[in-house]
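Okay, structure first, notes after.
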Amino acid sequence: MSIREDIASNIHSVIDGISSPDVKLCTRQPFQLEELSQQQYPAVIVQTSEEIREDQELGSGAKTRSGTIDFVILGFVKGTDSNIDTSRNELITAIETALETDITRNNKALDTEITQVETDEGTLFPVGGIRMVVRCMYEYQAGTP
């Protein structure tokens with residue numbers, strides 16, 4: 001498996017393990033919101049997004065390269081007895097806290113940071129949506145990302 005795939009898998013498994021709020025569905029495969037049951041919320045999609053790569057060593061021989069890769073995390077909560085904005089904020093905090101426990105993504109990344117957080121601002125009500133961008137920096141040998 002590639003380092004980028006290892007990092008993506010780690011992010012997925014860390015989010016899947018969140019218990020407060022208990023993430024009921026965490027996948028790397030897109031899904032239709034209308035097809036989710038009430039019991040499948042909160043639901044999260046983890047998707048690999050953009051990557052910037054550059055050489056760290058020039059010349060002949062094995063080259064060390066660095067990659068800065070963004071992952072987009074889409075999260076969905078369902079309106080219940082609590083305020084939907086509160087539910088969105090709780091999910092954002094839980095994801096950020098979980099990802100901060102190991103910024104090396106099991107020693108595959110140099111760093112992990114949340115670079116962007118957005119909400120749907122009520123447009124999906126009674127579902128609340130969030131979008132987070134997680135940026136990971138890593139190094140690899142040329143030809144083995």
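Simple scheme: letters A, B, ... for chains in structure tokens order, numbers from 1 for residues in each chain, numbers from 1 for ligands in the order shown.
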Backbone DSSP call of strand (DSSP E) for chain A, listed as a ChimeraX atom specification: /A:25-27,43-55,64-78,111-119,127-141
Residues of stretch 69-124 of chain A that approach stretch 39-48 of chain A to 10 Å or less, counting only C-alpha atoms: could you list each one with the shortest pair of atoms and its distance in Å to one decimal, rows by chain and increasing residue number, as JSON lines?
```
{"residue": "A:Ile69", "atom": "CA", "partner": "A:Thr48", "partner_atom": "CA", "distance": 7.8}
{"residue": "A:Asp70", "atom": "CA", "partner": "A:Thr48", "partner_atom": "CA", "distance": 6.5}
{"residue": "A:Phe71", "atom": "CA", "partner": "A:Thr48", "partner_atom": "CA", "distance": 4.6}
{"residue": "A:Val72", "atom": "CA", "partner": "A:Gln47", "partner_atom": "CA", "distance": 5.2}
{"residue": "A:Ile73", "atom": "CA", "partner": "A:Val46", "partner_atom": "CA", "distance": 4.7}
{"residue": "A:Leu74", "atom": "CA", "partner": "A:Ile45", "partner_atom": "CA", "distance": 5.1}
{"residue": "A:Gly75", "atom": "CA", "partner": "A:Val44", "partner_atom": "CA", "distance": 4.3}
{"residue": "A:Phe76", "atom": "CA", "partner": "A:Ala43", "partner_atom": "CA", "distance": 5.2}
{"residue": "A:Val77", "atom": "CA", "partner": "A:Pro42", "partner_atom": "CA", "distance": 4.6}
{"residue": "A:Lys78", "atom": "CA", "partner": "A:Tyr41", "partner_atom": "CA", "distance": 6.1}
{"residue": "A:Gly79", "atom": "CA", "partner": "A:Tyr41", "partner_atom": "CA", "distance": 9.6}
{"residue": "A:Ser87", "atom": "CA", "partner": "A:Pro42", "partner_atom": "CA", "distance": 9.0}
{"residue": "A:Arg88", "atom": "CA", "partner": "A:Pro42", "partner_atom": "CA", "distance": 9.3}
{"residue": "A:Leu91", "atom": "CA", "partner": "A:Pro42", "partner_atom": "CA", "distance": 7.9}
{"residue": "A:Ile95", "atom": "CA", "partner": "A:Val44", "partner_atom": "CA", "distance": 9.9}
```
Interatomic distance (Å, one decimal) between atom CA of A:Val134 and atom CA of A:Ile11: 9.2 Å
Between atom CA of A:Ile92 and atom CA of A:Lys108 - distance in Å to one decimal: 23.5 Å
In stretch 8-143 of chain A, DSSP alpha helix (DSSP H) residues written as a ChimeraX atom specification: /A:8-16,84-100
Create the file for the chosen residues now, containing N, CA, C and O atoms and written as a CSV table (one decimal), in the first residue's frame.
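Saved the output as result.csv:
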```csv
chain,number,residue,atom,x,y,z
A,8,ALA,N,-4.7,8.0,4.4
A,8,ALA,CA,-6.2,8.0,4.2
A,8,ALA,C,-6.9,7.0,5.1
A,8,ALA,O,-7.9,7.3,5.7
A,9,SER,N,-6.3,5.8,5.1
A,9,SER,CA,-6.9,4.7,5.9
A,9,SER,C,-6.9,5.0,7.4
A,9,SER,O,-7.8,4.7,8.1
A,10,ASN,N,-5.8,5.6,7.8
A,10,ASN,CA,-5.7,6.0,9.2
A,10,ASN,C,-6.7,7.1,9.6
A,10,ASN,O,-7.4,7.0,10.6
A,11,ILE,N,-6.8,8.1,8.8
A,11,ILE,CA,-7.9,9.1,9.0
A,11,ILE,C,-9.2,8.5,9.1
A,11,ILE,O,-10.0,8.8,10.0
A,12,HIS,N,-9.5,7.6,8.2
A,12,HIS,CA,-10.8,6.9,8.2
A,12,HIS,C,-11.0,6.1,9.5
A,12,HIS,O,-12.1,6.3,10.2
A,13,SER,N,-10.1,5.3,9.9
A,13,SER,CA,-10.2,4.5,11.1
A,13,SER,C,-10.3,5.4,12.4
A,13,SER,O,-11.0,5.0,13.3
A,14,VAL,N,-9.5,6.4,12.4
A,14,VAL,CA,-9.6,7.3,13.6
A,14,VAL,C,-11.0,7.9,13.8
A,14,VAL,O,-11.6,7.9,14.8
A,15,ILE,N,-11.5,8.4,12.7
A,15,ILE,CA,-12.9,9.0,12.7
A,15,ILE,C,-13.9,8.0,13.0
A,15,ILE,O,-14.9,8.2,13.8
A,16,ASP,N,-13.8,6.8,12.4
A,16,ASP,CA,-14.7,5.7,12.7
A,16,ASP,C,-14.7,5.3,14.1
A,16,ASP,O,-15.8,4.8,14.6
A,84,ILE,N,-29.3,21.9,16.1
A,84,ILE,CA,-28.5,21.3,15.0
A,84,ILE,C,-27.2,21.9,14.9
A,84,ILE,O,-26.2,21.3,14.6
A,85,ASP,N,-27.1,23.2,15.2
A,85,ASP,CA,-25.8,23.9,15.2
A,85,ASP,C,-24.8,23.3,16.3
A,85,ASP,O,-23.7,23.1,16.0
A,86,THR,N,-25.4,23.0,17.4
A,86,THR,CA,-24.6,22.4,18.5
A,86,THR,C,-24.1,21.0,18.1
A,86,THR,O,-23.0,20.7,18.3
A,87,SER,N,-25.0,20.3,17.4
A,87,SER,CA,-24.6,18.9,16.9
A,87,SER,C,-23.5,19.0,15.9
A,87,SER,O,-22.6,18.2,15.9
A,88,ARG,N,-23.6,20.0,15.0
A,88,ARG,CA,-22.5,20.2,14.0
A,88,ARG,C,-21.2,20.5,14.7
A,88,ARG,O,-20.1,20.0,14.4
A,89,ASN,N,-21.3,21.5,15.7
A,89,ASN,CA,-20.0,21.9,16.4
A,89,ASN,C,-19.5,20.7,17.2
A,89,ASN,O,-18.2,20.6,17.3
A,90,GLU,N,-20.3,19.9,17.8
A,90,GLU,CA,-19.8,18.7,18.5
A,90,GLU,C,-19.1,17.8,17.6
A,90,GLU,O,-18.0,17.2,18.0
A,91,LEU,N,-19.6,17.5,16.4
A,91,LEU,CA,-18.9,16.6,15.5
A,91,LEU,C,-17.6,17.2,15.0
A,91,LEU,O,-16.6,16.5,14.9
A,92,ILE,N,-17.6,18.5,14.7
A,92,ILE,CA,-16.3,19.2,14.3
A,92,ILE,C,-15.3,19.0,15.4
A,92,ILE,O,-14.1,18.6,15.2
A,93,THR,N,-15.6,19.3,16.7
A,93,THR,CA,-14.7,19.2,17.8
A,93,THR,C,-14.2,17.7,18.0
A,93,THR,O,-13.0,17.5,18.2
A,94,ALA,N,-15.1,16.8,17.9
A,94,ALA,CA,-14.7,15.4,18.0
A,94,ALA,C,-13.8,14.9,17.0
A,94,ALA,O,-12.8,14.2,17.3
A,95,ILE,N,-14.0,15.3,15.7
A,95,ILE,CA,-13.1,14.9,14.6
A,95,ILE,C,-11.7,15.6,14.8
A,95,ILE,O,-10.7,14.9,14.7
A,96,GLU,N,-11.7,16.9,15.1
A,96,GLU,CA,-10.4,17.6,15.3
A,96,GLU,C,-9.7,17.0,16.5
A,96,GLU,O,-8.5,16.7,16.4
A,97,THR,N,-10.3,16.7,17.6
A,97,THR,CA,-9.7,16.1,18.8
A,97,THR,C,-9.1,14.7,18.5
A,97,THR,O,-8.0,14.4,18.8
A,98,ALA,N,-9.9,13.9,17.8
A,98,ALA,CA,-9.4,12.6,17.4
A,98,ALA,C,-8.2,12.6,16.5
A,98,ALA,O,-7.3,11.9,16.7
A,99,LEU,N,-8.2,13.5,15.5
A,99,LEU,CA,-7.1,13.6,14.6
A,99,LEU,C,-5.9,14.1,15.3
A,99,LEU,O,-4.7,13.8,14.9
A,100,GLU,N,-6.0,15.0,16.3
A,100,GLU,CA,-4.9,15.6,17.0
A,100,GLU,C,-4.2,14.6,17.9
A,100,GLU,O,-3.1,14.8,18.3
```
Distance criterion (only C-alpha atoms): nearest to A:Phe125 out of A:Ile7, A:Val23, A:Leu33, A:Leu110: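 The closest residue to A:Phe125 is A:Leu33.
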From A:Glu34, A:Pro126, A:Thr27, A:Arg4, residue lying nearest A:Glu51 [only C-alpha atoms]: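 Of A:Glu34, A:Pro126, A:Thr27, A:Arg4, the one nearest A:Glu51, counting only C-alpha atoms, is A:Arg4.
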Residue with smallest distance to A:Gln141 - pool A:Gly17, A:Glu35, A:Gly122, A:Ser2, counting only C-alpha atoms: A:Ser2
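Residues lying within 9 Å of A:Arg65, counting only C-alpha atoms and ignoring same-chain neighbours fewer than 4 positions away, are Arg53, Glu54, Asp55, Gln56, Glu57, Tyr138, Glu139, Tyr140, Gln141, Ala142 and Pro145 of chain A.
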For A:Gly67, the nearest of the candidates A:Asn107, A:Met137, A:Cys26, A:Pro21, counting only C-alpha atoms: A:Met137
Nearest residue to A:Thr101 from the set A:Ile18, A:Glu121, A:Glu50, A:Lys24 (distances using only C-alpha atoms):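 Selected residue with least distance to A:Thr101: A:Ile18.
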